[in-house]
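Have a look at data.txt; it's compact mmCIF, C-alpha atoms:
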```
# COMPACT_ATOMS: atom_id res chain seq x y z
CA MET A 7 -140.20 118.20 -48.97
CA GLU A 8 -136.59 117.35 -48.29
CA PHE A 9 -135.63 114.22 -46.31
CA ASP A 10 -134.00 115.07 -42.98
CA PHE A 11 -130.85 112.95 -42.63
CA SER A 12 -130.24 114.30 -39.19
CA LEU A 13 -133.35 112.40 -37.98
CA VAL A 14 -131.84 109.15 -39.30
CA LEU A 15 -128.64 109.86 -37.45
CA LEU A 16 -130.62 110.27 -34.27
CA VAL A 17 -132.86 107.17 -34.73
CA LEU A 18 -130.11 104.69 -35.69
CA PRO A 19 -128.17 104.85 -32.39
CA VAL A 20 -131.41 104.50 -30.44
CA ALA A 21 -132.49 101.44 -32.50
CA PHE A 22 -129.05 99.92 -32.11
CA ALA A 23 -129.11 100.46 -28.36
CA LEU A 24 -132.57 98.89 -28.02
CA GLY A 25 -131.53 95.88 -30.13
CA TRP A 26 -128.35 95.41 -28.10
CA LEU A 27 -130.34 95.61 -24.84
CA ALA A 28 -132.92 93.08 -26.05
CA SER A 29 -130.22 90.63 -27.12
CA ARG A 30 -128.51 90.95 -23.76
CA LEU A 31 -131.76 90.23 -21.97
CA ASP A 32 -132.38 87.12 -24.14
CA VAL A 33 -128.84 85.83 -23.63
CA ARG A 34 -129.10 86.42 -19.91
CA GLN A 35 -132.40 84.54 -19.71
CA LEU A 36 -130.96 81.72 -21.80
CA ARG A 37 -127.96 81.47 -19.53
CA ILE A 38 -130.21 81.36 -16.48
CA ASP A 39 -132.33 78.58 -18.01
CA ASN A 40 -129.32 76.58 -19.13
CA ARG A 41 -127.68 77.03 -15.77
CA GLN A 42 -130.75 75.80 -13.89
CA ALA A 43 -131.44 72.73 -16.03
CA PRO A 44 -127.91 71.22 -15.94
CA LYS A 45 -127.61 72.03 -12.27
CA ALA A 46 -130.72 70.00 -11.45
CA TYR A 47 -129.64 67.26 -13.87
CA PHE A 48 -126.15 66.91 -12.40
CA LYS A 49 -127.54 67.07 -8.90
CA GLY A 50 -129.82 64.16 -9.74
CA LEU A 51 -126.94 62.28 -11.33
CA ASN A 52 -124.87 62.77 -8.20
CA PHE A 53 -127.66 61.41 -6.02
CA LEU A 54 -128.04 58.46 -8.36
CA LEU A 55 -124.34 57.60 -8.18
CA ASN A 56 -124.60 57.71 -4.39
CA GLU A 57 -127.62 55.39 -4.58
CA GLN A 58 -129.94 58.03 -3.12
CA GLN A 59 -132.78 57.29 -5.50
CA ASP A 60 -135.45 59.30 -3.69
CA LYS A 61 -133.40 62.52 -3.93
CA ALA A 62 -132.37 61.68 -7.50
CA ILE A 63 -136.02 61.41 -8.53
CA ASP A 64 -136.83 64.77 -6.92
CA ALA A 65 -133.91 66.38 -8.77
CA PHE A 66 -134.91 64.89 -12.12
CA ILE A 67 -138.52 66.00 -11.62
CA GLU A 68 -137.23 69.54 -11.01
CA ALA A 69 -135.12 69.33 -14.17
CA VAL A 70 -138.07 68.10 -16.23
CA GLN A 71 -140.23 70.95 -14.93
CA ASN A 72 -137.55 73.47 -15.97
CA ASP A 73 -137.22 71.93 -19.42
CA PRO A 74 -140.28 69.77 -20.26
CA ASP A 75 -139.07 69.18 -23.82
CA THR A 76 -135.92 67.29 -22.79
CA SER A 77 -136.63 63.63 -23.64
CA GLU A 78 -133.44 62.31 -22.02
CA LEU A 79 -134.58 63.52 -18.62
CA HIS A 80 -137.92 61.77 -19.12
CA PHE A 81 -136.15 58.53 -19.99
CA ALA A 82 -133.91 58.81 -16.92
CA LEU A 83 -136.91 59.55 -14.71
CA GLY A 84 -138.97 56.68 -16.12
CA ASN A 85 -136.12 54.20 -15.65
CA LEU A 86 -135.66 55.34 -12.06
CA PHE A 87 -139.36 54.84 -11.34
CA ARG A 88 -139.16 51.32 -12.81
CA ARG A 89 -136.10 50.42 -10.76
CA ARG A 90 -137.88 51.55 -7.60
CA GLY A 91 -140.94 49.47 -8.44
CA GLU A 92 -143.14 52.53 -9.09
CA TYR A 93 -144.40 51.04 -12.34
CA GLU A 94 -147.51 53.21 -12.65
CA ARG A 95 -145.43 56.40 -12.57
CA ALA A 96 -142.92 54.89 -15.04
CA VAL A 97 -145.78 54.03 -17.41
CA ARG A 98 -147.12 57.60 -17.21
CA VAL A 99 -143.70 59.06 -18.04
CA HIS A 100 -143.20 56.83 -21.07
CA GLN A 101 -146.77 57.27 -22.27
CA HIS A 102 -146.26 61.04 -22.07
CA LEU A 103 -143.17 60.68 -24.26
CA LEU A 104 -145.12 58.66 -26.83
CA SER A 105 -147.86 61.30 -26.92
CA ARG A 106 -145.42 64.03 -27.95
CA GLY A 107 -145.58 64.98 -31.61
CA ASP A 108 -142.04 66.38 -31.75
CA LEU A 109 -140.37 63.10 -30.68
CA SER A 110 -137.99 61.55 -33.21
CA LEU A 111 -138.79 58.11 -34.61
CA ASP A 112 -135.85 56.52 -32.81
CA ASP A 113 -136.85 58.06 -29.48
CA ARG A 114 -140.43 56.92 -30.08
CA HIS A 115 -139.20 53.34 -30.50
CA ARG A 116 -137.06 53.77 -27.40
CA ALA A 117 -140.05 54.98 -25.40
CA GLN A 118 -142.15 52.08 -26.70
CA HIS A 119 -139.46 49.64 -25.55
CA ALA A 120 -139.27 51.30 -22.13
CA LEU A 121 -143.06 51.16 -21.81
CA ALA A 122 -143.02 47.44 -22.62
CA LEU A 123 -140.44 46.86 -19.88
CA ASP A 124 -142.66 48.78 -17.45
CA TYR A 125 -145.57 46.46 -18.23
CA LEU A 126 -143.35 43.38 -17.93
CA LYS A 127 -142.04 44.41 -14.52
CA ALA A 128 -145.56 45.23 -13.38
CA GLY A 129 -146.76 41.77 -14.45
CA LEU A 130 -149.17 43.16 -17.05
CA LEU A 131 -148.26 40.47 -19.56
CA ASP A 132 -151.00 41.19 -22.11
CA ARG A 133 -150.07 44.87 -22.35
CA ALA A 134 -146.37 43.97 -22.45
CA GLU A 135 -146.97 41.61 -25.36
CA GLU A 136 -148.90 44.27 -27.27
CA ALA A 137 -146.15 46.86 -26.69
CA LEU A 138 -143.33 44.47 -27.64
CA LEU A 139 -144.99 43.37 -30.88
CA LYS A 140 -144.96 47.01 -32.05
CA LEU A 141 -141.14 46.95 -32.02
CA GLU A 142 -140.83 44.49 -34.92
CA GLY A 143 -138.57 45.98 -37.58
CA THR A 144 -136.94 48.51 -35.23
CA ARG A 145 -133.46 48.55 -33.71
CA PHE A 146 -135.06 47.15 -30.54
CA GLU A 147 -136.35 44.08 -32.37
CA ALA A 148 -133.84 41.59 -30.90
CA GLN A 149 -134.30 42.93 -27.36
CA SER A 150 -138.07 42.94 -27.72
CA ARG A 151 -138.08 39.35 -28.94
CA LEU A 152 -136.02 38.22 -25.96
CA ALA A 153 -138.42 40.03 -23.64
CA LEU A 154 -141.35 38.56 -25.55
CA LEU A 155 -139.83 35.09 -25.15
CA ALA A 156 -139.59 35.59 -21.38
CA ASN A 157 -143.16 36.89 -21.40
CA TYR A 158 -144.50 33.80 -23.17
CA GLU A 159 -142.53 31.54 -20.83
CA ARG A 160 -144.01 33.25 -17.79
CA SER A 161 -147.51 32.83 -19.17
CA ARG A 162 -146.66 29.25 -20.26
CA ASP A 163 -147.63 29.99 -23.84
CA TRP A 164 -145.21 27.42 -25.26
CA GLU A 165 -146.45 27.56 -28.83
CA HIS A 166 -145.78 31.28 -29.21
CA ALA A 167 -142.54 30.93 -27.25
CA ALA A 168 -141.37 28.37 -29.81
CA GLN A 169 -142.17 30.73 -32.69
CA ILE A 170 -140.13 33.55 -31.12
CA ALA A 171 -137.24 31.19 -30.31
CA GLN A 172 -137.12 30.07 -33.94
CA LYS A 173 -137.03 33.70 -35.12
CA LEU A 174 -134.20 34.50 -32.72
CA GLU A 175 -132.18 31.51 -33.87
CA SER A 176 -132.74 32.32 -37.54
CA ASP A 177 -131.50 35.88 -36.85
CA GLY A 178 -128.26 34.54 -35.39
CA GLN A 179 -129.07 35.37 -31.75
CA GLY A 180 -127.73 32.01 -30.57
CA SER A 181 -128.89 28.41 -30.38
CA PHE A 182 -132.37 27.86 -28.97
CA LYS A 183 -132.60 24.12 -29.70
CA GLY A 184 -132.52 23.23 -26.01
CA ARG A 185 -135.34 25.64 -25.21
CA LEU A 186 -137.40 24.46 -28.17
CA SER A 187 -137.01 20.91 -26.88
CA HIS A 188 -138.24 21.99 -23.42
CA TYR A 189 -141.21 23.84 -24.94
CA LEU A 190 -142.26 20.64 -26.75
CA CYS A 191 -141.84 18.63 -23.55
CA GLU A 192 -144.03 21.12 -21.70
CA GLN A 193 -146.69 20.78 -24.38
CA ALA A 194 -146.39 16.99 -24.10
CA ALA A 195 -146.90 17.19 -20.34
CA SER A 196 -150.07 19.22 -20.89
CA CYS A 197 -151.30 16.58 -23.34
CA VAL A 198 -150.65 13.79 -20.83
CA ALA A 199 -152.64 15.70 -18.20
CA ALA A 200 -155.47 16.04 -20.72
CA ASP A 201 -155.29 12.30 -21.51
CA LYS A 202 -153.94 12.90 -25.03
CA SER A 203 -150.98 10.51 -24.92
CA SER A 204 -150.72 10.05 -28.69
CA LEU A 205 -150.27 13.81 -29.21
CA ALA A 206 -147.76 13.87 -26.34
CA LEU A 207 -145.69 11.19 -28.09
CA THR A 208 -145.67 13.34 -31.24
CA TYR A 209 -144.33 16.34 -29.32
CA LEU A 210 -141.64 14.23 -27.64
CA ALA A 211 -140.55 12.78 -31.00
CA GLN A 212 -140.12 16.35 -32.29
CA ALA A 213 -138.17 17.29 -29.17
CA MET A 214 -135.76 14.37 -29.62
CA HIS A 215 -135.28 15.34 -33.25
CA ILE A 216 -134.52 18.99 -32.41
CA ALA A 217 -132.14 18.21 -29.51
CA PRO A 218 -130.94 14.58 -29.73
CA GLU A 219 -128.53 15.05 -26.83
CA ALA A 220 -131.16 16.39 -24.40
CA PRO A 221 -132.12 13.90 -21.65
CA ARG A 222 -135.58 15.25 -20.86
CA PRO A 223 -137.53 14.07 -23.95
CA ARG A 224 -136.44 10.45 -23.50
CA MET A 225 -137.04 10.55 -19.75
CA ASP A 226 -140.56 11.89 -20.31
CA LEU A 227 -141.15 9.35 -23.06
CA ALA A 228 -140.01 6.47 -20.81
CA ARG A 229 -142.40 7.65 -18.08
CA ILE A 230 -145.33 7.56 -20.52
CA GLN A 231 -144.31 4.11 -21.77
CA PHE A 232 -144.07 2.81 -18.21
CA ASP A 233 -147.45 4.30 -17.24
CA GLN A 234 -148.92 2.55 -20.30
CA GLY A 235 -147.62 -0.78 -18.94
CA ASN A 236 -144.63 -1.20 -21.25
CA ALA A 237 -141.74 -1.33 -18.75
CA THR A 238 -139.43 -3.10 -21.21
CA LEU A 239 -139.77 -0.30 -23.79
CA ALA A 240 -139.28 2.26 -21.02
CA CYS A 241 -135.99 0.56 -20.06
CA ASP A 242 -134.79 0.64 -23.66
CA THR A 243 -135.66 4.33 -23.94
CA LEU A 244 -133.68 5.21 -20.79
CA THR A 245 -130.74 3.11 -21.98
CA GLN A 246 -130.72 5.25 -25.13
CA ALA A 247 -130.90 8.35 -22.91
CA ILE A 248 -127.73 7.28 -21.08
CA THR A 249 -125.92 6.94 -24.39
CA ALA A 250 -127.19 10.28 -25.68
CA SER A 251 -126.77 12.19 -22.38
CA PRO A 252 -124.09 10.52 -20.23
CA SER A 253 -123.85 13.61 -17.99
CA ALA A 254 -127.48 13.07 -16.89
CA ILE A 255 -126.96 9.51 -15.66
CA ALA A 256 -127.61 10.56 -12.04
CA LEU A 257 -131.11 11.72 -13.06
CA ILE A 258 -131.78 8.66 -15.20
CA ALA A 259 -130.50 5.90 -12.87
CA PRO A 260 -133.33 5.85 -10.23
CA ALA A 261 -136.08 5.56 -12.87
CA LEU A 262 -134.06 3.04 -14.87
CA ALA A 263 -133.67 0.79 -11.81
CA ARG A 264 -137.40 1.01 -11.07
CA TYR A 265 -138.42 0.21 -14.65
CA ALA A 266 -135.87 -2.61 -14.91
CA ILE A 267 -137.24 -4.30 -11.80
CA ALA A 268 -140.78 -4.11 -13.23
CA ALA A 269 -139.59 -5.45 -16.61
CA GLY A 270 -137.56 -8.30 -15.13
CA GLN A 271 -134.33 -6.85 -16.57
CA GLY A 272 -132.64 -6.26 -13.22
CA ALA A 273 -129.49 -8.29 -13.92
CA ARG A 274 -128.70 -6.54 -17.21
CA THR A 275 -129.39 -3.08 -15.80
CA LEU A 276 -127.36 -3.86 -12.67
CA ASP A 277 -124.30 -4.62 -14.80
CA GLN A 278 -124.89 -1.43 -16.76
CA LEU A 279 -125.13 0.77 -13.66
CA LYS A 280 -122.08 -0.86 -12.09
CA ALA A 281 -120.07 -0.02 -15.19
CA VAL A 282 -121.31 3.55 -15.10
CA TYR A 283 -120.58 3.88 -11.37
CA ALA A 284 -117.03 2.59 -11.84
CA HIS A 285 -116.42 5.38 -14.34
CA THR A 286 -118.37 8.21 -12.67
CA PRO A 287 -119.38 7.52 -9.03
CA SER A 288 -122.68 9.08 -8.04
CA LEU A 289 -125.02 8.67 -5.09
CA ASP A 290 -128.09 8.34 -7.32
CA VAL A 291 -126.42 5.66 -9.43
CA LEU A 292 -125.36 3.95 -6.20
CA ASP A 293 -128.97 4.02 -4.93
CA GLY A 294 -130.04 2.42 -8.22
CA ILE A 295 -127.48 -0.37 -7.76
CA VAL A 296 -128.58 -0.98 -4.18
CA ALA A 297 -132.26 -1.13 -5.24
CA LEU A 298 -131.50 -3.61 -8.02
CA GLU A 299 -129.44 -5.85 -5.73
CA ALA A 300 -132.16 -5.78 -3.09
CA ALA A 301 -134.74 -6.76 -5.74
CA SER A 302 -132.54 -9.68 -6.80
CA GLY A 303 -132.57 -11.07 -3.27
CA ALA A 304 -129.10 -9.95 -2.18
CA PRO A 305 -128.64 -9.66 1.61
CA THR A 306 -128.96 -6.24 3.26
CA ALA A 307 -125.28 -6.30 4.14
CA THR A 308 -124.42 -6.09 0.44
CA ALA A 309 -126.03 -2.65 0.19
CA ARG A 310 -124.08 -1.44 3.21
CA GLU A 311 -120.89 -2.67 1.60
CA TRP A 312 -121.58 -0.49 -1.43
CA TYR A 313 -121.98 2.58 0.77
CA ALA A 314 -118.81 1.67 2.68
CA ARG A 315 -116.89 1.41 -0.59
CA HIS A 316 -118.24 4.77 -1.65
CA LEU A 317 -116.96 6.29 1.60
CA GLU A 318 -113.48 4.99 0.85
CA ASN A 319 -113.34 7.27 -2.19
CA GLU A 320 -115.78 10.07 -1.32
CA PRO A 321 -116.23 11.73 2.12
CA SER A 322 -120.02 11.63 1.83
CA LEU A 323 -122.23 12.33 4.83
CA VAL A 324 -125.23 11.07 2.85
CA ALA A 325 -123.56 7.71 2.19
CA ALA A 326 -122.48 7.55 5.84
CA ALA A 327 -126.06 8.10 7.02
CA LYS A 328 -127.31 5.32 4.73
CA TRP A 329 -124.54 2.98 5.86
CA ILE A 330 -125.13 3.57 9.56
CA ALA A 331 -128.89 2.98 9.12
CA GLY A 332 -128.23 -0.77 8.95
CA GLU A 333 -125.36 -0.86 11.43
CA LYS A 334 -125.72 -2.24 14.97
CA LEU A 335 -124.42 0.35 17.43
CA GLU A 336 -122.90 -0.40 20.81
CA HIS A 337 -125.79 1.48 22.41
CA GLU A 338 -128.52 0.41 20.03
CA GLN A 339 -131.22 2.08 22.09
CA PHE A 340 -129.90 5.44 20.89
CA HIS A 341 -129.84 4.42 17.24
CA PRO A 342 -133.21 6.03 16.29
CA GLN A 343 -132.17 9.39 17.74
CA VAL A 344 -128.77 9.26 16.04
CA GLN A 345 -130.33 8.25 12.74
CA ARG A 346 -132.93 11.02 12.95
CA ALA A 347 -130.20 13.60 13.59
CA LEU A 348 -128.14 12.32 10.65
CA ASP A 349 -131.13 12.32 8.31
CA HIS A 350 -131.87 15.91 9.33
CA ALA A 351 -128.24 16.92 8.74
CA VAL A 352 -128.05 15.39 5.26
CA LYS A 353 -131.30 16.92 3.94
CA PRO A 354 -129.63 20.13 2.65
CA LEU A 355 -126.92 18.00 1.02
CA THR A 356 -129.43 16.03 -1.06
CA ARG A 357 -130.89 19.13 -2.71
CA TYR A 358 -130.18 20.46 -6.18
CA ARG A 359 -128.70 23.94 -6.62
CA CYS A 360 -129.18 26.29 -9.55
CA ALA A 361 -125.82 27.23 -11.05
CA ALA A 362 -127.20 30.61 -12.17
CA CYS A 363 -128.79 31.99 -9.00
CA GLY A 364 -128.09 29.44 -6.25
CA PHE A 365 -131.76 28.56 -5.67
CA GLU A 366 -131.95 25.15 -3.95
CA ALA A 367 -134.75 22.62 -4.32
CA LYS A 368 -135.53 19.09 -3.18
CA GLN A 369 -136.23 18.01 -6.73
CA HIS A 370 -134.46 18.63 -10.01
CA PHE A 371 -135.99 21.34 -12.22
CA TRP A 372 -135.40 21.84 -15.92
CA GLN A 373 -136.22 25.54 -15.46
CA CYS A 374 -135.17 27.27 -12.25
CA PRO A 375 -138.18 28.54 -10.27
CA GLY A 376 -136.01 31.39 -8.98
CA CYS A 377 -134.30 32.94 -12.00
CA GLN A 378 -136.24 31.14 -14.79
CA ALA A 379 -132.98 29.89 -16.39
CA TRP A 380 -133.19 26.66 -18.38
CA ASP A 381 -130.90 23.66 -17.68
CA SER A 382 -129.19 25.54 -14.85
CA TYR A 383 -129.54 22.67 -12.35
CA PRO A 384 -126.65 20.17 -12.50
CA ALA A 385 -127.65 16.53 -12.40
CA ARG A 386 -125.67 16.04 -9.19
CA ARG A 387 -126.81 16.96 -5.71
CA VAL A 388 -125.29 19.69 -3.53
CA GLU A 389 -122.94 17.31 -1.70
CA GLU A 390 -121.40 16.12 -4.96
CA LEU A 391 -120.77 19.55 -6.50
```
Can you turn what I pasted into structure tokens?
Amino acid sequence: MEFDFSLVLLVLPVAFALGWLASRLDVRQLRIDNRQAPKAYFKGLNFLLNEQQDKAIDAFIEAVQNDPDTSELHFALGNLFRRRGEYERAVRVHQHLLSRGDLSLDDRHRAQHALALDYLKAGLLDRAEEALLKLEGTRFEAQSRLALLANYERSRDWEHAAQIAQKLESDGQGSFKGRLSHYLCEQAASCVAADKSSLALTYLAQAMHIAPEAPRPRMDLARIQFDQGNATLACDTLTQAITASPSAIALIAPALARYAIAAGQGARTLDQLKAVYAHTPSLDVLDGIVALEAASGAPTATAREWYARHLENEPSLVAAAKWIAGEKLEHEQFHPQVQRALDHAVKPLTRYRCAACGFEAKQHFWQCPGCQAWDSYPARRVEEL
């Protein structure tokens, strides 16, 4: 039986036409899909740039539905949920990414890091710690350690915080000596509260060794020594603190004056504070001088003279209020009302202000309660800044 070449000539054009038609249909569908996905993506991006986060989320959800395999859209959506405080939805997005078998190793680490941030923002510290520890040895290691450090600080786990800080410093991420010193001081404070003074002294000795210039370890040590009845040793410790940390004299002076009076070293400490005040005038140092002179039997007028001298050089409302407290007014019957108004006016001026976030407090903090920054409070009060 002979092969019919005419049949081949008829079939080939038909096959070619069908193949061409199928390819056109595939290309058309691909174009439609590609056109829809970027359109939704760019629409969401536009909303995001205009700070319309609700509409941006809707657009990104639409884009994800059109192309569920696009990991970048999932990351964008999860980050948006976290920024809006919808942590549960952010966690679900990032957990979905981690459950995908086709995700690259780098994207898996990225999703793990994002999930850890979700837990941190949600306040789920245990889960955050577990997620962050899985990032050791990845390109997110340094970021995860910083987040882990913040996590341990929030949970007041000072021992683990110290371990992470040491790792960060050894990796060249900066100096963490100041923080390590604070961690040891916090552990010492816990020991004092638990009536373990000897262990507290050990922690403070380590803190002074790590950061010799830090004022806190010596101030905490002097407080323990004073509470144990050794005011003389407490005075010596604070004198060393002034030498090591001259910028913290305003914090040290009130306690030094109190300890010196108890130890009978008022005259020596008075001369020391006068010398310091002559070089760097400060209201807290001035209050220490006034307290020491009052303890030595000096007349009340002497204290008012100090405040008057301070006013000659510094326009201080706080010093003026303290000066006028002992002044006889022409209408003395109105003195209590005037004094009460002045004391109310100077209250905001006697606060301490965080240099990082501006949070103000009546007392000095080593770690800001607002932004959690360490050593962000200057030793001087608001009026003196």
At most 12 Å is the cut-off: for each residue in stretch 362-387 of chain A with any atom that close to an atom of stretch 253-259 of chain A, write down the nearest atom pair and the distance in Å rounded to one decimal, counting all atoms listed in the file, chain first then increasing number, as a Markdown table.
```
| residue | atom | partner | partner_atom | distance |
| --- | --- | --- | --- | --- |
| A:Gln369 | CA | A:Leu257 | CA | 10.3 |
| A:His370 | CA | A:Leu257 | CA | 8.3 |
| A:Phe371 | CA | A:Leu257 | CA | 10.8 |
| A:Trp372 | CA | A:Leu257 | CA | 11.4 |
| A:Asp381 | CA | A:Ala254 | CA | 11.2 |
| A:Tyr383 | CA | A:Ala254 | CA | 10.8 |
| A:Pro384 | CA | A:Ala254 | CA | 8.4 |
| A:Ala385 | CA | A:Ala254 | CA | 5.7 |
| A:Arg386 | CA | A:Ala256 | CA | 6.5 |
| A:Arg387 | CA | A:Ala256 | CA | 9.0 |
```
Residues from last step as file, C-alpha atoms, as a PDB file, in the frame of the given file:
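Output contents, as saved in result30.pdb:
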```
ATOM      1  CA  GLN A 369    -136.230  18.010  -6.730  1.00  0.00           C
ATOM      2  CA  HIS A 370    -134.460  18.630 -10.010  1.00  0.00           C
ATOM      3  CA  PHE A 371    -135.990  21.340 -12.220  1.00  0.00           C
ATOM      4  CA  TRP A 372    -135.400  21.840 -15.920  1.00  0.00           C
ATOM      5  CA  ASP A 381    -130.900  23.660 -17.680  1.00  0.00           C
ATOM      6  CA  TYR A 383    -129.540  22.670 -12.350  1.00  0.00           C
ATOM      7  CA  PRO A 384    -126.650  20.170 -12.500  1.00  0.00           C
ATOM      8  CA  ALA A 385    -127.650  16.530 -12.400  1.00  0.00           C
ATOM      9  CA  ARG A 386    -125.670  16.040  -9.190  1.00  0.00           C
ATOM     10  CA  ARG A 387    -126.810  16.960  -5.710  1.00  0.00           C
TER      11      ARG A 387
END
```
Determine the nearest neighbour of A:Lys183 from the options A:Ser382, A:Gln212, A:Ser150, A:Asn319, counting all atoms listed in the file.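 Smallest separation from A:Lys183 among the options: A:Gln212.
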Residues of stretch 267-339 of chain A within 12 Å of stretch 233-240 of chain A: nearest atom pair and distance (Å, one decimal) for each, counting only C-alpha atoms, sorted by chain and number, as CSV?
```
residue,atom,partner,partner_atom,distance
A:Ile267,CA,A:Ala237,CA,8.8
A:Ala268,CA,A:Ala237,CA,6.3
A:Ala269,CA,A:Ala237,CA,5.1
A:Gly270,CA,A:Thr238,CA,8.2
A:Gln271,CA,A:Thr238,CA,7.8
A:Gly272,CA,A:Thr238,CA,11.0
A:Arg274,CA,A:Thr238,CA,12.0
A:Thr275,CA,A:Thr238,CA,11.4
```
Go ahead and write the selection's residues with C-alpha atoms as an mmCIF file, in the coordinates of the input.
```
data_model
loop_
_atom_site.group_PDB
_atom_site.id
_atom_site.type_symbol
_atom_site.label_atom_id
_atom_site.label_comp_id
_atom_site.auth_asym_id
_atom_site.auth_seq_id
_atom_site.Cartn_x
_atom_site.Cartn_y
_atom_site.Cartn_z
ATOM 1 C CA ILE A 267 -137.240 -4.300 -11.800
ATOM 2 C CA ALA A 268 -140.780 -4.110 -13.230
ATOM 3 C CA ALA A 269 -139.590 -5.450 -16.610
ATOM 4 C CA GLY A 270 -137.560 -8.300 -15.130
ATOM 5 C CA GLN A 271 -134.330 -6.850 -16.570
ATOM 6 C CA GLY A 272 -132.640 -6.260 -13.220
ATOM 7 C CA ARG A 274 -128.700 -6.540 -17.210
ATOM 8 C CA THR A 275 -129.390 -3.080 -15.800
#
```
Atom CA of A:Gly294 to atom CA of A:Ala261, distance in Å rounded to a single decimal: 8.2 Å
As AutoDock Vina command-line options, please: the centre and edge lengths in Å, to one decimal, of an axis-aligned box enclosing every listed atom of stretch 266-273 of chain A with 8 Å added on each side.
```
--center_x -135.1 --center_y -5.5 --center_z -14.2 --size_x 27.3 --size_y 21.7 --size_z 20.8
```
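Distance-wise, atom CA of A:Glu147 and atom CA of A:Arg114 end up 13.7 Å apart.
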Around (-138.1, 47.2, -13.3) in the file's own coordinates, what residues are found within 12 Å if you use only C-alpha atoms, given back as JSON, numbers by chain? {"A": [84, 85, 86, 87, 88, 89, 90, 91, 92, 93, 94, 95, 96, 97, 120, 121, 122, 123, 124, 125, 126, 127, 128, 129]}
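Interatomic distance, atom CA of A:Lys353 to atom CA of A:Glu311: 22.3 Å.
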For A:Tyr158, please output as a list in words all residues within 9 Å (counting all atoms listed in the file; exclusion window: fewer than 6 positions along the same chain).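 Within the cut-off, the hits are Leu131, Glu135, Trp164, Glu165, His166 and Ala167 of chain A.
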Ref. answer, residues at most 7 Å from (-144.7, 40.1, -29.3) with all atoms listed in the file, as a PyMOL selection string: chain A and resi 135-136+138-139+151+154
Shell around A:Thr243 at 9 Å using only C-alpha atoms, local window under 3 positions removed, as a PDB file with C-alpha atoms, in the coordinates of the input:
```
ATOM      1  CA  ARG A 224    -136.440  10.450 -23.500  1.00  0.00           C
ATOM      2  CA  MET A 225    -137.040  10.550 -19.750  1.00  0.00           C
ATOM      3  CA  LEU A 227    -141.150   9.350 -23.060  1.00  0.00           C
ATOM      4  CA  ALA A 228    -140.010   6.470 -20.810  1.00  0.00           C
ATOM      5  CA  GLN A 231    -144.310   4.110 -21.770  1.00  0.00           C
ATOM      6  CA  THR A 238    -139.430  -3.100 -21.210  1.00  0.00           C
ATOM      7  CA  LEU A 239    -139.770  -0.300 -23.790  1.00  0.00           C
ATOM      8  CA  ALA A 240    -139.280   2.260 -21.020  1.00  0.00           C
ATOM      9  CA  GLN A 246    -130.720   5.250 -25.130  1.00  0.00           C
ATOM     10  CA  ALA A 247    -130.900   8.350 -22.910  1.00  0.00           C
ATOM     11  CA  ILE A 248    -127.730   7.280 -21.080  1.00  0.00           C
TER      12      ILE A 248
END
```
Which residue, A:Glu320, A:Asp293, A:Glu389, A:Glu142, has the smallest gap to A:Tyr358 when you use all atoms listed in the file?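 Closest to A:Tyr358, using all atoms listed in the file: A:Glu389.
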Give the answer as one residue: which of A:Ala82, A:Ala351, A:Ala156, A:Ala331 has the shortest atom-to-atom distance to A:Ala379, using all atoms listed in the file?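 Checking each of A:Ala82, A:Ala351, A:Ala156, A:Ala331 against A:Ala379, counting all atoms listed in the file, the winner is A:Ala156.
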Find, counting all atoms listed in the file, the residue in A:His215, A:Arg133, A:His102, A:Lys173 that gets nearest to A:Leu155.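 Smallest distance to A:Leu155 is found for A:Lys173.
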Excluding same-chain residues fewer than 2 positions from A:Cys363, what lies within 9 Å of it counting all atoms listed in the file, as a PyMOL selection string? chain A and resi 359-361+365+374+376-377+379+382
Write the residues you've just listed into a file as a compact mmCIF listing (two decimals), in the frame of the given file, and include C-alpha atoms for each of them.
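Okay, this is what ended up in part30.txt:
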```txt
# COMPACT_ATOMS: atom_id res chain seq x y z
CA ARG A 359 -128.70 23.94 -6.62
CA CYS A 360 -129.18 26.29 -9.55
CA ALA A 361 -125.82 27.23 -11.05
CA PHE A 365 -131.76 28.56 -5.67
CA CYS A 374 -135.17 27.27 -12.25
CA GLY A 376 -136.01 31.39 -8.98
CA CYS A 377 -134.30 32.94 -12.00
CA ALA A 379 -132.98 29.89 -16.39
CA SER A 382 -129.19 25.54 -14.85
```
With all atoms listed in the file as the atoms that count, which of A:Ile230, A:Arg116, A:Phe182, A:Ala367 lies nearest to A:Asp201?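 Of A:Ile230, A:Arg116, A:Phe182, A:Ala367, the one nearest A:Asp201, counting all atoms listed in the file, is A:Ile230.
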Rank nothing, just name the residue among A:Leu317, A:Ala300, A:Leu355, A:Ala263 nearest to A:Pro287, using all atoms listed in the file. A:Leu317
